[in-house]
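Asks: Have a peek at final_2.csv (CSV, C-alpha atoms and all ligand atoms).
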```csv
chain,number,residue,atom,x,y,z
Q,28,MET,CA,-97.8,-151.3,20.3
Q,29,PRO,CA,-97.2,-153.5,17.3
Q,30,ALA,CA,-96.0,-151.4,14.3
Q,31,LYS,CA,-99.2,-152.1,12.4
Q,32,PRO,CA,-102.5,-153.5,13.5
Q,33,PHE,CA,-102.5,-157.3,14.1
Q,34,ILE,CA,-105.2,-159.8,13.4
Q,35,TYR,CA,-105.2,-161.4,16.8
Q,36,LEU,CA,-105.9,-165.2,16.7
Q,37,ASP,CA,-104.1,-166.1,20.0
Q,38,ASN,CA,-107.1,-165.7,22.3
Q,39,HIS,CA,-106.3,-168.9,24.3
Q,40,ALA,CA,-103.0,-167.3,25.4
Q,41,THR,CA,-104.7,-164.0,26.5
Q,42,THR,CA,-107.5,-161.7,25.4
Q,43,ARG,CA,-107.8,-158.1,24.6
Q,44,LEU,CA,-108.9,-156.0,27.6
Q,45,ASP,CA,-112.5,-154.9,27.0
Q,46,PRO,CA,-112.6,-151.1,26.9
Q,47,GLN,CA,-115.6,-151.1,29.2
Q,48,VAL,CA,-113.6,-153.2,31.7
Q,49,LEU,CA,-110.8,-150.7,31.5
Q,50,GLN,CA,-113.2,-147.8,32.2
Q,51,VAL,CA,-114.5,-149.4,35.5
Q,52,MET,CA,-110.9,-150.2,36.5
Q,53,LEU,CA,-109.4,-146.7,36.0
Q,54,PRO,CA,-110.7,-145.0,39.1
Q,55,TRP,CA,-109.2,-147.8,41.3
Q,56,LEU,CA,-105.8,-147.1,39.7
Q,57,THR,CA,-106.0,-143.4,40.3
Q,58,ASP,CA,-107.9,-141.5,43.0
Q,59,HIS,CA,-109.5,-144.4,44.7
Q,60,TYR,CA,-106.4,-146.1,45.9
Q,61,GLY,CA,-107.5,-147.4,49.3
Q,62,ASN,CA,-106.6,-150.8,50.7
Q,63,ALA,CA,-109.6,-153.0,50.9
Q,64,GLY,CA,-108.4,-154.2,54.3
Q,65,SER,CA,-108.5,-150.6,55.8
Q,66,GLY,CA,-111.8,-150.4,57.6
Q,67,THR,CA,-111.1,-147.1,59.4
Q,68,HIS,CA,-111.7,-144.6,56.5
Q,69,ALA,CA,-113.8,-144.1,53.4
Q,70,LEU,CA,-111.0,-144.9,50.9
Q,71,GLY,CA,-110.6,-148.4,52.4
Q,72,LEU,CA,-114.4,-148.9,52.8
Q,73,GLU,CA,-115.2,-148.0,49.2
Q,74,ALA,CA,-112.4,-150.4,48.0
Q,75,ARG,CA,-113.9,-153.2,50.1
Q,76,GLU,CA,-117.3,-152.5,48.7
Q,77,ALA,CA,-115.9,-152.6,45.1
Q,78,VAL,CA,-114.3,-155.9,45.8
Q,79,GLU,CA,-117.5,-157.4,47.2
Q,80,THR,CA,-119.4,-156.2,44.1
Q,81,ALA,CA,-116.9,-158.0,41.9
Q,82,ARG,CA,-117.1,-161.1,44.1
Q,83,GLN,CA,-120.9,-161.1,43.5
Q,84,GLN,CA,-120.3,-160.6,39.7
Q,85,VAL,CA,-117.9,-163.6,39.6
Q,86,ALA,CA,-120.2,-165.7,41.7
Q,87,THR,CA,-123.2,-164.9,39.5
Q,88,ALA,CA,-121.2,-165.8,36.4
Q,89,ILE,CA,-120.4,-169.3,37.7
Q,90,ALA,CA,-123.7,-169.9,39.7
Q,91,ALA,CA,-121.9,-169.8,43.1
Q,92,THR,CA,-122.4,-167.7,46.2
Q,93,PRO,CA,-120.0,-164.8,46.8
Q,94,ARG,CA,-118.5,-166.4,50.0
Q,95,GLU,CA,-117.3,-169.3,47.7
Q,96,VAL,CA,-115.1,-167.0,45.6
Q,97,VAL,CA,-111.5,-166.4,46.6
Q,98,PHE,CA,-109.5,-163.9,44.6
Q,99,THR,CA,-106.0,-164.8,43.5
Q,100,SER,CA,-103.4,-163.6,41.0
Q,101,GLY,CA,-104.6,-165.9,38.2
Q,102,ALA,CA,-105.6,-169.4,37.3
Q,103,THR,CA,-102.1,-170.7,38.0
Q,104,GLU,CA,-102.2,-169.6,41.6
Q,105,SER,CA,-105.8,-170.8,42.0
Q,106,ILE,CA,-104.8,-174.3,40.7
Q,107,ASN,CA,-101.8,-174.4,43.0
Q,108,LEU,CA,-104.0,-173.4,46.0
Q,109,ALA,CA,-106.6,-176.0,45.1
Q,110,LEU,CA,-104.2,-178.9,44.5
Q,111,VAL,CA,-101.6,-178.3,47.2
Q,112,GLY,CA,-104.2,-176.9,49.6
Q,113,ALA,CA,-106.4,-180.0,49.3
Q,114,ALA,CA,-103.6,-182.5,49.2
Q,115,SER,CA,-101.8,-181.2,52.3
Q,116,ARG,CA,-104.9,-182.1,54.3
Q,117,ARG,CA,-104.4,-185.8,53.4
Q,118,PRO,CA,-100.7,-186.7,53.2
Q,119,GLY,CA,-100.1,-189.6,50.8
Q,120,GLY,CA,-103.6,-189.5,49.2
Q,121,ARG,CA,-103.7,-190.2,45.5
Q,122,ILE,CA,-104.1,-187.4,43.0
Q,123,VAL,CA,-105.6,-188.0,39.6
Q,124,VAL,CA,-105.1,-185.6,36.6
Q,125,VAL,CA,-105.6,-185.8,32.9
Q,126,ALA,CA,-102.6,-186.0,30.6
Q,127,THR,CA,-103.8,-183.0,28.6
Q,128,GLU,CA,-104.2,-180.6,31.5
Q,129,HIS,CA,-102.4,-177.2,31.5
Q,130,ALA,CA,-98.9,-177.1,32.9
Q,131,ALA,CA,-100.3,-175.4,36.0
Q,132,VAL,CA,-102.0,-178.6,36.9
Q,133,LEU,CA,-99.4,-181.1,35.6
Q,134,ASP,CA,-96.5,-179.4,37.2
Q,135,THR,CA,-98.3,-178.9,40.5
Q,136,ALA,CA,-99.2,-182.6,40.5
Q,137,ALA,CA,-95.5,-183.5,39.7
Q,138,HIS,CA,-94.4,-181.3,42.6
Q,139,LEU,CA,-96.8,-183.2,45.0
Q,140,GLU,CA,-95.6,-186.5,43.6
Q,141,ARG,CA,-92.0,-185.6,44.5
Q,142,GLN,CA,-93.3,-184.9,48.1
Q,143,GLY,CA,-94.9,-188.3,48.4
Q,144,TRP,CA,-98.4,-188.1,46.9
Q,145,PRO,CA,-99.0,-190.8,44.3
Q,146,VAL,CA,-100.2,-189.3,41.0
Q,147,THR,CA,-102.2,-191.0,38.2
Q,148,ARG,CA,-102.3,-189.4,34.8
Q,149,LEU,CA,-105.3,-190.4,32.7
Q,150,PRO,CA,-105.0,-190.8,29.0
Q,151,VAL,CA,-107.5,-189.3,26.5
Q,152,ALA,CA,-109.2,-190.6,23.4
Q,153,SER,CA,-107.0,-190.6,20.3
Q,154,GLN,CA,-107.4,-188.4,17.2
Q,155,ALA,CA,-108.9,-191.5,15.5
Q,156,ALA,CA,-111.7,-191.8,18.1
Q,157,ASP,CA,-115.2,-190.3,17.8
Q,158,CYS,CA,-114.3,-187.5,20.1
Q,159,PRO,CA,-110.6,-187.0,20.3
Q,160,GLY,CA,-109.3,-185.7,23.7
Q,161,LEU,CA,-112.2,-187.0,25.8
Q,162,ILE,CA,-111.4,-188.9,29.0
Q,163,ASP,CA,-112.9,-192.3,29.4
Q,164,CYS,CA,-115.1,-192.4,32.5
Q,165,GLU,CA,-114.6,-196.2,33.0
Q,166,GLN,CA,-110.8,-195.6,33.1
Q,167,LEU,CA,-111.4,-192.8,35.6
Q,168,ALA,CA,-113.5,-195.1,37.8
Q,169,ALA,CA,-110.8,-197.7,37.7
Q,170,ALA,CA,-108.1,-195.2,38.6
Q,171,ILE,CA,-109.7,-193.9,41.8
Q,172,ASP,CA,-110.5,-195.4,45.2
Q,173,GLU,CA,-111.1,-194.3,48.8
Q,174,GLN,CA,-107.4,-193.3,49.0
Q,175,THR,CA,-107.9,-190.6,46.3
Q,176,VAL,CA,-107.8,-187.1,47.7
Q,177,LEU,CA,-108.4,-185.1,44.6
Q,178,VAL,CA,-109.2,-185.4,40.9
Q,179,SER,CA,-108.4,-182.5,38.5
Q,180,VAL,CA,-110.2,-182.4,35.1
Q,181,MET,CA,-110.3,-179.3,33.0
Q,182,LEU,CA,-113.6,-178.1,31.6
Q,183,ALA,CA,-112.2,-176.8,28.3
Q,184,ASN,CA,-108.8,-177.6,26.9
Q,185,ASN,CA,-106.7,-174.6,25.9
Q,186,GLU,CA,-105.2,-176.3,22.8
Q,187,ILE,CA,-107.8,-178.5,21.1
Q,188,GLY,CA,-110.9,-177.0,22.9
Q,189,VAL,CA,-112.3,-180.3,24.0
Q,190,LEU,CA,-115.0,-180.1,26.7
Q,191,GLN,CA,-114.9,-182.9,29.2
Q,192,PRO,CA,-118.1,-184.7,30.5
Q,193,LEU,CA,-117.9,-183.2,34.0
Q,194,ALA,CA,-121.3,-184.2,35.4
Q,195,ASP,CA,-120.3,-187.9,34.8
Q,196,VAL,CA,-116.8,-187.3,36.2
Q,197,ALA,CA,-118.2,-185.6,39.3
Q,198,ALA,CA,-120.5,-188.6,40.1
Q,199,ILE,CA,-117.6,-191.0,39.9
Q,200,VAL,CA,-115.3,-188.8,42.0
Q,201,HIS,CA,-117.8,-188.1,44.7
Q,202,ASP,CA,-118.7,-191.8,44.9
Q,203,CYS,CA,-115.2,-192.4,46.2
Q,204,GLY,CA,-115.3,-189.4,48.5
Q,205,ALA,CA,-112.6,-187.5,46.6
Q,206,LEU,CA,-112.7,-183.8,45.7
Q,207,LEU,CA,-113.1,-182.6,42.1
Q,208,HIS,CA,-111.1,-179.6,40.9
Q,209,VAL,CA,-112.0,-178.1,37.5
Q,210,ASP,CA,-109.7,-175.8,35.6
Q,211,CYS,CA,-112.2,-173.4,34.0
Q,212,ALA,CA,-109.6,-170.9,32.7
Q,213,GLN,CA,-110.8,-171.1,29.1
Q,214,ALA,CA,-114.5,-171.4,29.7
Q,215,ILE,CA,-116.0,-168.1,30.8
Q,216,GLY,CA,-117.8,-166.4,27.9
Q,217,ASN,CA,-117.6,-169.4,25.7
Q,218,GLY,CA,-120.6,-171.1,27.2
Q,219,PRO,CA,-122.4,-171.4,30.5
Q,220,VAL,CA,-120.3,-172.3,33.5
Q,221,ASP,CA,-122.3,-173.6,36.4
Q,222,VAL,CA,-120.2,-175.0,39.3
Q,223,ASP,CA,-123.2,-177.1,40.5
Q,224,ALA,CA,-123.9,-178.6,37.0
Q,225,ILE,CA,-120.3,-179.6,36.6
Q,226,GLY,CA,-120.1,-180.9,40.2
Q,227,ALA,CA,-117.0,-178.9,41.1
Q,228,ASP,CA,-115.7,-178.7,44.6
Q,229,LEU,CA,-113.0,-176.4,43.5
Q,230,ALA,CA,-112.7,-174.5,40.2
Q,231,SER,CA,-110.1,-172.1,38.9
Q,232,PHE,CA,-110.6,-169.0,36.8
Q,233,SER,CA,-108.5,-166.3,35.1
Q,234,GLY,CA,-109.3,-162.6,34.5
Q,235,HIS,CA,-107.2,-162.2,31.3
Q,236,LYS,CA,-108.8,-165.1,29.4
Q,237,CYS,CA,-112.2,-163.4,29.3
Q,238,HIS,CA,-111.2,-159.8,28.3
Q,239,GLY,CA,-110.4,-158.8,31.9
Q,240,PRO,CA,-107.0,-157.7,33.2
Q,241,LYS,CA,-103.9,-159.9,33.8
Q,242,GLY,CA,-102.7,-160.7,37.3
Q,243,VAL,CA,-106.1,-161.6,38.7
Q,244,GLY,CA,-108.0,-164.8,39.0
Q,245,ALA,CA,-110.4,-166.6,41.3
Q,246,LEU,CA,-110.7,-170.0,43.0
Q,247,TYR,CA,-114.2,-171.3,43.7
Q,248,VAL,CA,-114.3,-173.3,47.0
Q,249,ARG,CA,-117.6,-175.1,47.6
Q,250,ARG,CA,-119.2,-174.1,50.9
Q,251,ARG,CA,-122.7,-175.4,50.4
Q,252,GLU,CA,-123.8,-179.1,51.1
Q,253,ARG,CA,-120.1,-180.1,51.2
Q,254,LEU,CA,-117.7,-177.8,52.9
Q,255,VAL,CA,-114.3,-178.0,51.2
Q,256,ARG,CA,-111.4,-177.4,53.5
Q,257,LEU,CA,-108.0,-176.2,52.1
Q,258,ASP,CA,-104.7,-175.4,53.7
Q,259,PRO,CA,-103.6,-171.9,52.7
Q,260,GLN,CA,-100.4,-171.6,50.7
Q,261,VAL,CA,-99.7,-167.9,51.1
Q,262,PHE,CA,-99.5,-166.6,54.7
Q,263,GLY,CA,-99.7,-163.1,56.1
Q,264,GLY,CA,-102.6,-160.7,56.8
Q,265,GLY,CA,-105.4,-163.3,56.6
Q,266,GLN,CA,-107.2,-161.8,53.6
Q,267,GLU,CA,-109.8,-163.9,51.7
Q,268,ARG,CA,-110.9,-165.8,54.8
Q,269,GLY,CA,-107.3,-166.7,55.6
Q,270,LEU,CA,-107.1,-168.7,52.3
Q,271,ARG,CA,-105.0,-166.2,50.4
Q,272,SER,CA,-103.1,-163.5,52.3
Q,273,GLY,CA,-101.9,-160.4,50.6
Q,274,THR,CA,-103.3,-156.9,49.9
Q,275,LEU,CA,-106.1,-157.3,47.4
Q,276,ASN,CA,-105.5,-156.2,43.8
Q,277,VAL,CA,-108.6,-153.9,43.8
Q,278,PRO,CA,-108.4,-152.6,40.1
Q,279,GLY,CA,-107.7,-156.1,38.9
Q,280,ILE,CA,-110.6,-157.6,40.9
Q,281,VAL,CA,-113.0,-154.9,39.8
Q,282,GLY,CA,-111.9,-155.6,36.2
Q,283,MET,CA,-112.4,-159.3,36.5
Q,284,GLY,CA,-115.9,-158.8,38.0
Q,285,LYS,CA,-116.9,-156.6,35.1
Q,286,ALA,CA,-115.3,-158.9,32.5
Q,287,CYS,CA,-117.3,-161.9,34.0
Q,288,GLU,CA,-120.5,-159.9,34.0
Q,289,ARG,CA,-120.0,-158.9,30.3
Q,290,ALA,CA,-119.0,-162.4,29.3
Q,291,VAL,CA,-122.2,-163.9,30.7
Q,292,ALA,CA,-124.3,-161.1,29.3
Q,293,GLY,CA,-123.1,-162.2,25.8
Q,294,LEU,CA,-124.4,-165.8,26.2
Q,295,PRO,CA,-125.5,-167.6,24.0
Q,296,ALA,CA,-125.3,-165.1,21.1
Q,297,VAL,CA,-121.6,-164.3,21.3
Q,298,PRO,CA,-120.2,-167.9,21.3
Q,299,ALA,CA,-122.6,-168.8,18.5
Q,300,ALA,CA,-121.3,-165.9,16.4
Q,301,VAL,CA,-117.7,-166.7,17.2
Q,302,ALA,CA,-118.3,-170.4,16.3
Q,303,ALA,CA,-119.7,-169.3,12.9
Q,304,LEU,CA,-116.5,-167.2,12.2
Q,305,ARG,CA,-114.3,-170.1,13.4
Q,306,ASP,CA,-116.1,-172.5,11.0
Q,307,ARG,CA,-115.7,-170.0,8.2
Q,308,LEU,CA,-112.0,-169.8,8.9
Q,309,TRP,CA,-111.7,-173.6,8.8
Q,310,GLN,CA,-113.7,-173.8,5.6
Q,311,ARG,CA,-111.6,-171.2,3.8
Q,312,LEU,CA,-108.3,-172.8,5.0
Q,313,ALA,CA,-109.5,-176.4,4.1
Q,314,ASP,CA,-110.4,-175.2,0.6
Q,315,ALA,CA,-107.1,-173.5,0.1
Q,316,VAL,CA,-104.6,-175.9,1.7
Q,317,PRO,CA,-104.6,-179.5,0.3
Q,318,GLY,CA,-104.2,-182.1,3.1
Q,319,LEU,CA,-105.0,-179.7,5.9
Q,320,ARG,CA,-106.2,-181.6,9.0
Q,321,LEU,CA,-108.2,-180.7,12.1
Q,322,ASN,CA,-106.8,-181.7,15.5
Q,323,GLY,CA,-109.3,-182.4,18.3
Q,324,PRO,CA,-113.1,-182.9,18.1
Q,325,ALA,CA,-115.2,-182.1,15.0
Q,326,LEU,CA,-116.2,-178.5,14.8
Q,327,GLN,CA,-119.9,-179.4,14.7
Q,328,SER,CA,-119.7,-181.4,17.9
Q,329,ASP,CA,-121.0,-179.8,21.2
Q,330,LEU,CA,-117.8,-180.9,22.8
Q,331,ARG,CA,-115.5,-178.2,21.5
Q,332,LEU,CA,-114.9,-174.6,22.5
Q,333,PRO,CA,-116.6,-172.3,20.0
Q,334,ASN,CA,-113.5,-170.1,19.5
Q,335,ASN,CA,-111.0,-172.9,19.0
Q,336,LEU,CA,-109.3,-174.3,15.9
Q,337,ASN,CA,-106.2,-176.5,15.9
Q,338,ILE,CA,-104.8,-177.4,12.5
Q,339,GLN,CA,-102.2,-179.7,11.1
Q,340,LEU,CA,-100.4,-178.6,8.0
Q,341,PRO,CA,-99.0,-181.1,5.6
Q,342,GLN,CA,-95.2,-181.1,6.1
Q,343,LEU,CA,-94.8,-177.5,7.1
Q,344,ASP,CA,-93.3,-176.7,10.5
Q,345,GLY,CA,-95.8,-174.8,12.6
Q,346,GLY,CA,-93.1,-172.5,14.0
Q,347,THR,CA,-92.0,-171.5,10.5
Q,348,LEU,CA,-95.6,-170.7,9.5
Q,349,LEU,CA,-96.2,-168.7,12.7
Q,350,ALA,CA,-93.1,-166.6,12.0
Q,351,GLU,CA,-94.3,-165.9,8.5
Q,352,LEU,CA,-97.8,-165.1,9.7
Q,353,SER,CA,-96.4,-162.7,12.2
Q,354,ARG,CA,-94.4,-160.9,9.5
Q,355,HIS,CA,-97.8,-160.4,7.7
Q,356,GLY,CA,-99.7,-159.2,10.7
Q,357,VAL,CA,-101.4,-162.4,12.0
Q,358,ALA,CA,-100.8,-163.4,15.6
Q,359,ALA,CA,-101.3,-167.1,16.5
Q,360,SER,CA,-99.4,-169.7,18.3
Q,361,ALA,CA,-98.5,-173.4,18.5
Q,362,GLY,CA,-99.9,-174.1,21.9
Q,363,SER,CA,-99.7,-173.0,25.5
Q,364,ALA,CA,-98.0,-169.6,25.8
Q,365,CYS,CA,-96.4,-170.9,29.1
Q,366,SER,CA,-94.4,-173.5,27.3
Q,367,SER,CA,-93.5,-171.5,24.2
Q,368,GLU,CA,-90.1,-170.6,25.6
Q,369,HIS,CA,-89.2,-174.3,25.5
Q,370,PRO,CA,-90.5,-175.3,22.0
Q,371,ARG,CA,-91.3,-179.0,22.3
Q,372,PRO,CA,-94.2,-180.8,20.5
Q,373,SER,CA,-97.4,-180.1,22.4
Q,374,HIS,CA,-98.1,-182.7,25.1
Q,375,VAL,CA,-101.8,-182.3,24.3
Q,376,LEU,CA,-101.3,-183.3,20.7
Q,377,LEU,CA,-98.9,-186.2,21.6
Q,378,ALA,CA,-101.6,-187.4,24.0
Q,379,LEU,CA,-104.0,-187.6,21.0
Q,380,GLY,CA,-101.5,-190.0,19.4
Q,381,LEU,CA,-100.0,-187.5,16.9
Q,382,THR,CA,-96.4,-188.1,16.1
Q,383,ASP,CA,-93.7,-185.6,17.0
Q,384,GLU,CA,-93.6,-184.5,13.4
Q,385,GLU,CA,-97.4,-184.1,13.2
Q,386,ALA,CA,-97.5,-182.1,16.4
Q,387,ARG,CA,-94.7,-179.8,15.2
Q,388,CYS,CA,-96.7,-179.2,12.0
Q,389,SER,CA,-99.7,-178.0,14.0
Q,390,ILE,CA,-100.8,-174.5,15.1
Q,391,ARG,CA,-103.6,-173.2,17.3
Q,392,LEU,CA,-106.0,-170.4,16.3
Q,393,GLY,CA,-108.2,-168.8,18.9
Q,394,LEU,CA,-110.9,-166.3,18.1
Q,395,SER,CA,-112.8,-163.9,20.4
Q,396,ARG,CA,-115.8,-161.7,20.5
Q,397,PHE,CA,-113.7,-159.0,19.0
Q,398,SER,CA,-112.8,-161.0,15.9
Q,399,THR,CA,-114.5,-159.7,12.8
Q,400,ALA,CA,-115.6,-161.4,9.6
Q,401,ALA,CA,-113.3,-159.1,7.6
Q,402,GLU,CA,-110.3,-160.2,9.8
Q,403,ILE,CA,-111.1,-163.8,9.4
Q,404,GLU,CA,-111.3,-163.6,5.6
Q,405,GLN,CA,-108.0,-161.7,5.6
Q,406,ALA,CA,-106.3,-164.1,8.0
Q,407,ALA,CA,-107.4,-167.1,5.9
Q,408,ASP,CA,-106.0,-165.5,2.7
Q,409,CYS,CA,-102.8,-164.6,4.5
Q,410,MET,CA,-102.4,-168.2,5.8
Q,411,ALA,CA,-103.2,-169.7,2.4
Q,412,ALA,CA,-100.6,-167.5,0.8
Q,413,ALA,CA,-98.0,-168.1,3.5
Q,414,VAL,CA,-98.4,-171.9,3.1
Q,415,GLU,CA,-98.0,-171.6,-0.7
Q,416,ARG,CA,-94.8,-169.5,-0.3
Q,417,LEU,CA,-93.3,-171.9,2.2
Q,418,THR,CA,-94.2,-175.2,0.6
Q,419,GLY,CA,-94.5,-174.2,-3.1
Q,420,CYS,CA,-98.0,-175.7,-3.2
F,1,LIG,C1,-106.4,-174.1,30.8
F,1,LIG,C2,-105.5,-173.1,31.5
F,1,LIG,N1,-105.3,-173.2,32.8
F,1,LIG,C3,-104.6,-172.4,33.5
F,1,LIG,C4,-103.9,-171.3,32.8
F,1,LIG,C5,-103.1,-170.3,33.6
F,1,LIG,O1,-103.8,-169.1,33.7
F,1,LIG,P1,-103.1,-167.8,34.3
F,1,LIG,O2,-102.4,-167.2,33.2
F,1,LIG,O3,-104.3,-166.9,34.8
F,1,LIG,O4,-102.3,-168.1,35.4
F,1,LIG,C6,-104.1,-171.2,31.5
F,1,LIG,C7,-103.4,-170.1,30.7
F,1,LIG,O5,-102.9,-170.3,29.6
F,1,LIG,C8,-105.0,-172.1,30.8
F,1,LIG,O6,-105.2,-172.0,29.4
```
Would you write the structure of this file as structure tokens?
Replies:
Amino acid sequence: MPAKPFIYLDNHATTRLDPQVLQVMLPWLTDHYGNAGSGTHALGLEAREAVETARQQVATAIAATPREVVFTSGATESINLALVGAASRRPGGRIVVVATEHAAVLDTAAHLERQGWPVTRLPVASQAADCPGLIDCEQLAAAIDEQTVLVSVMLANNEIGVLQPLADVAAIVHDCGALLHVDCAQAIGNGPVDVDAIGADLASFSGHKCHGPKGVGALYVRRRERLVRLDPQVFGGGQERGLRSGTLNVPGIVGMGKACERAVAGLPAVPAAVAALRDRLWQRLADAVPGLRLNGPALQSDLRLPNNLNIQLPQLDGGTLLAELSRHGVAASAGSACSSEHPRPSHVLLALGLTDEEARCSIRLGLSRFSTAAEIEQAADCMAAAVERLTGC
């Protein structure tokens, strides 16, 4: 536990476990410890039933059918299974990704590139454009052809919150006969996620990004109209229709199901309330810090996650500010938690055309449904005071 309570504004890295989610998980960590693969006794059968209830909850949350949901250890594993599993069915087929994808997509694509699959990385609109961070569908259309096996475009960016125009993307991708994978790790609970509406053939989800537990995720694999075939990447007992072997993480899966159910129950009121707090935070900061800039789309646009803020401070190193904020009880970060051990300027901000210096002077603030108005006021005051101490203005 932190020495004193933190104001937690790092909800793109992970979210607090919802106490109601913990409650439904606890029995599966204690007395109900059966293996969901054991069909010969009650402990196994009840575990299997709990997994199927969770599968239904996840499917309902994303407008899929339960047989299209494969449980994994998190979005990273789902993404690896989607990209490598689809690519290995068409050796040498082109893979198209967006330059601002999460490392789980970019590094998997780079791995495939080393094995002989050509990879195209699409640029995004610059910070000066109407909607910074958006891909250009004409560029996408020009980048793909019948040799393309898979296109991966994230629904919601984890640094600047931009939401991509997936229905348009899907039409272009399917016209060429390619598959569309959508990284939805940041999306659940922040707005509706409908795998049909976004035209996804494959979509990745994470339990811990929507107030569920860590170490669990899901991959949506379309089985209606088009049947998507993947080669498994983990071999063994044949669980999850042979797509992902390994004893199922029953407590985690139960928690993820409940977290998805609760996230969807909060729509649209919760994201609207979170957006209002986020806007308040920006306003307070912009009033207090001269020269403060917003990275990514305008807050009022429909094309930004309601819980996301990414700000650029005039000539103040983001890392220095984050350390000062941490000393004063505010938790935030500069970008993806996965790359924070190798502090380099964010590839997402560089893709927007920011300079190294501008990217280094930027921090990301992520709110959640547990953020309160009092916390936001306090965090804004704390940040304004920290900037003043560190810059003298
Ligand atoms: C957009 C995005 N994709 C994938 C991941 C990886 O998710 P997980 O931690 O469940 O592996 C993250 C986590 O930061 C993310 O933000």
Asks: Neighbourhood query: residues within 9 Å of (-103.9, -159.0, 36.7), file coordinates, counting all atoms listed in the file; return as a list of chain:residue names.
Replies: Q:Ser100, Q:Gly101, Q:Ser233, Q:Gly234, Q:His235, Q:Gly239, Q:Pro240, Q:Lys241, Q:Gly242, Q:Val243, Q:Gly244, Q:Asn276, Q:Pro278, Q:Gly279, Q:Ile280, Q:Gly282, Q:Met283
Asks: Could you tell me how far atom CA of Asn217 of chain Q sits from atom CA of Ala296 of chain Q, in Å to one decimal place?
Replies: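 Separating atom CA of Ala296 of chain Q from atom CA of Asn217 of chain Q is a distance of 9.9 Å.
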Asks: Residues within 8 Å of ligand LIG 1 (chain F), counting all atoms listed in the file: report them as a VMD selection string.
Replies: chain Q and resid 39 to 41 100 to 106 128 to 132 181 183 to 186 210 to 213 231 to 236 241 to 244 363 to 365
Asks: Check the smallest atom-to-atom distance from each of Q:Pro192, Q:Gly265, Q:Pro118, Q:Pro333 to Val176 of chain Q using all atoms listed in the file, then report the winner.
Replies: Q:Pro118
Asks: Kindly indicate which residue among Q:Leu149, Q:Val51, Q:Ile338, Q:Ala169 lies nearest to Leu319 of chain Q, using all atoms listed in the file for the distances.
Replies: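 With all atoms listed in the file as the atom set, the closest residue is Q:Ile338.
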Asks: Counting all atoms listed in the file, select every polymer residue within 12 Å of (-111.2, -196.1, 29.5) as defined in the file's coordinates, and provide the selection as a ChimeraX atom specification.
Replies: /Q:149-153,161-170
Asks: Considering all atoms listed in the file, state which residue in the set Q:Ser373, Q:Val357, Q:Thr175, Q:Ala245 is at the smallest distance from Leu275 of chain Q.
Replies: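 Closest to Leu275 of chain Q, using all atoms listed in the file: Q:Ala245.
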Asks: Do you know which residues are at most 8 Å from Leu392 of chain Q counting only C-alpha atoms, after dropping those on the same chain fewer than 6 positions away, and could you put them as a PyMOL selection string?
Replies: chain Q and resi 36-38+335-337+359-360
Asks: Could you pull the residues within 12 Å of Arg117 of chain Q, counting all atoms listed in the file, minus those fewer than 5 positions along the same chain, as a VMD selection string?
Replies: chain Q and resid 110 to 112 122 139 143 to 145 173 to 177 205 to 206 256 to 258
Asks: Which residues are close to Gly218 of chain Q, i.e. within 7 Å by all atoms listed in the file, leaving aside same-chain residues fewer than 2 positions away? Reply as a list in words.
Replies: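 The residues satisfying every condition are Ala214, Ile215, Gly216, Val220, Leu294, Pro295 and Pro298 of chain Q.
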Asks: So that I can see what lies close to segment 86-94 of chain Q, please list as a ChimeraX atom specification the residues with an atom at most 7 Å from it, counting only C-alpha atoms and leaving out residues fewer than 2 positions away in the same chain.
Replies: /Q:82-84,96,220-222,287-288,291
Asks: Compile the contact shell of Gln260 of chain Q as a PyMOL selection string: residues with an atom at most 9 Å away, counting only C-alpha atoms, same-chain residues fewer than 6 positions apart removed.
Replies: chain Q and resi 107-108+111-112+270-272
Asks: Keeping only C-alpha atoms, write those residues as a compact mmCIF listing (two decimals), keeping the file's coordinate frame.
Replies:
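Now in again38.txt:
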```txt
# COMPACT_ATOMS: atom_id res chain seq x y z
CA ASN Q 107 -101.80 -174.40 43.00
CA LEU Q 108 -104.00 -173.40 46.00
CA VAL Q 111 -101.60 -178.30 47.20
CA GLY Q 112 -104.20 -176.90 49.60
CA LEU Q 270 -107.10 -168.70 52.30
CA ARG Q 271 -105.00 -166.20 50.40
CA SER Q 272 -103.10 -163.50 52.30
```
Asks: How many Å separate atom CA of Val375 of chain Q from atom CA of Leu44 of chain Q?
Replies: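 Taking atom CA of Val375 of chain Q as the start and atom CA of Leu44 of chain Q as the end point, the length is 27.4 Å.
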Asks: What does the structure give for the distance between atom CA of Leu182 of chain Q and atom CA of Arg249 of chain Q, in Å to one decimal?
Replies: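 Result for atom CA of Leu182 of chain Q versus atom CA of Arg249 of chain Q: 16.8 Å, one decimal.
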Asks: Go through Q:Leu190, Q:Leu381, Q:Val255, Q:Val178 one by one, measure the shortest atom-to-atom distance of each to Arg116 of chain Q using only C-alpha atoms, and give the residue with the smallest value.
Replies: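 Checking each candidate against Arg116 of chain Q, we get Q:Val255 as the closest.
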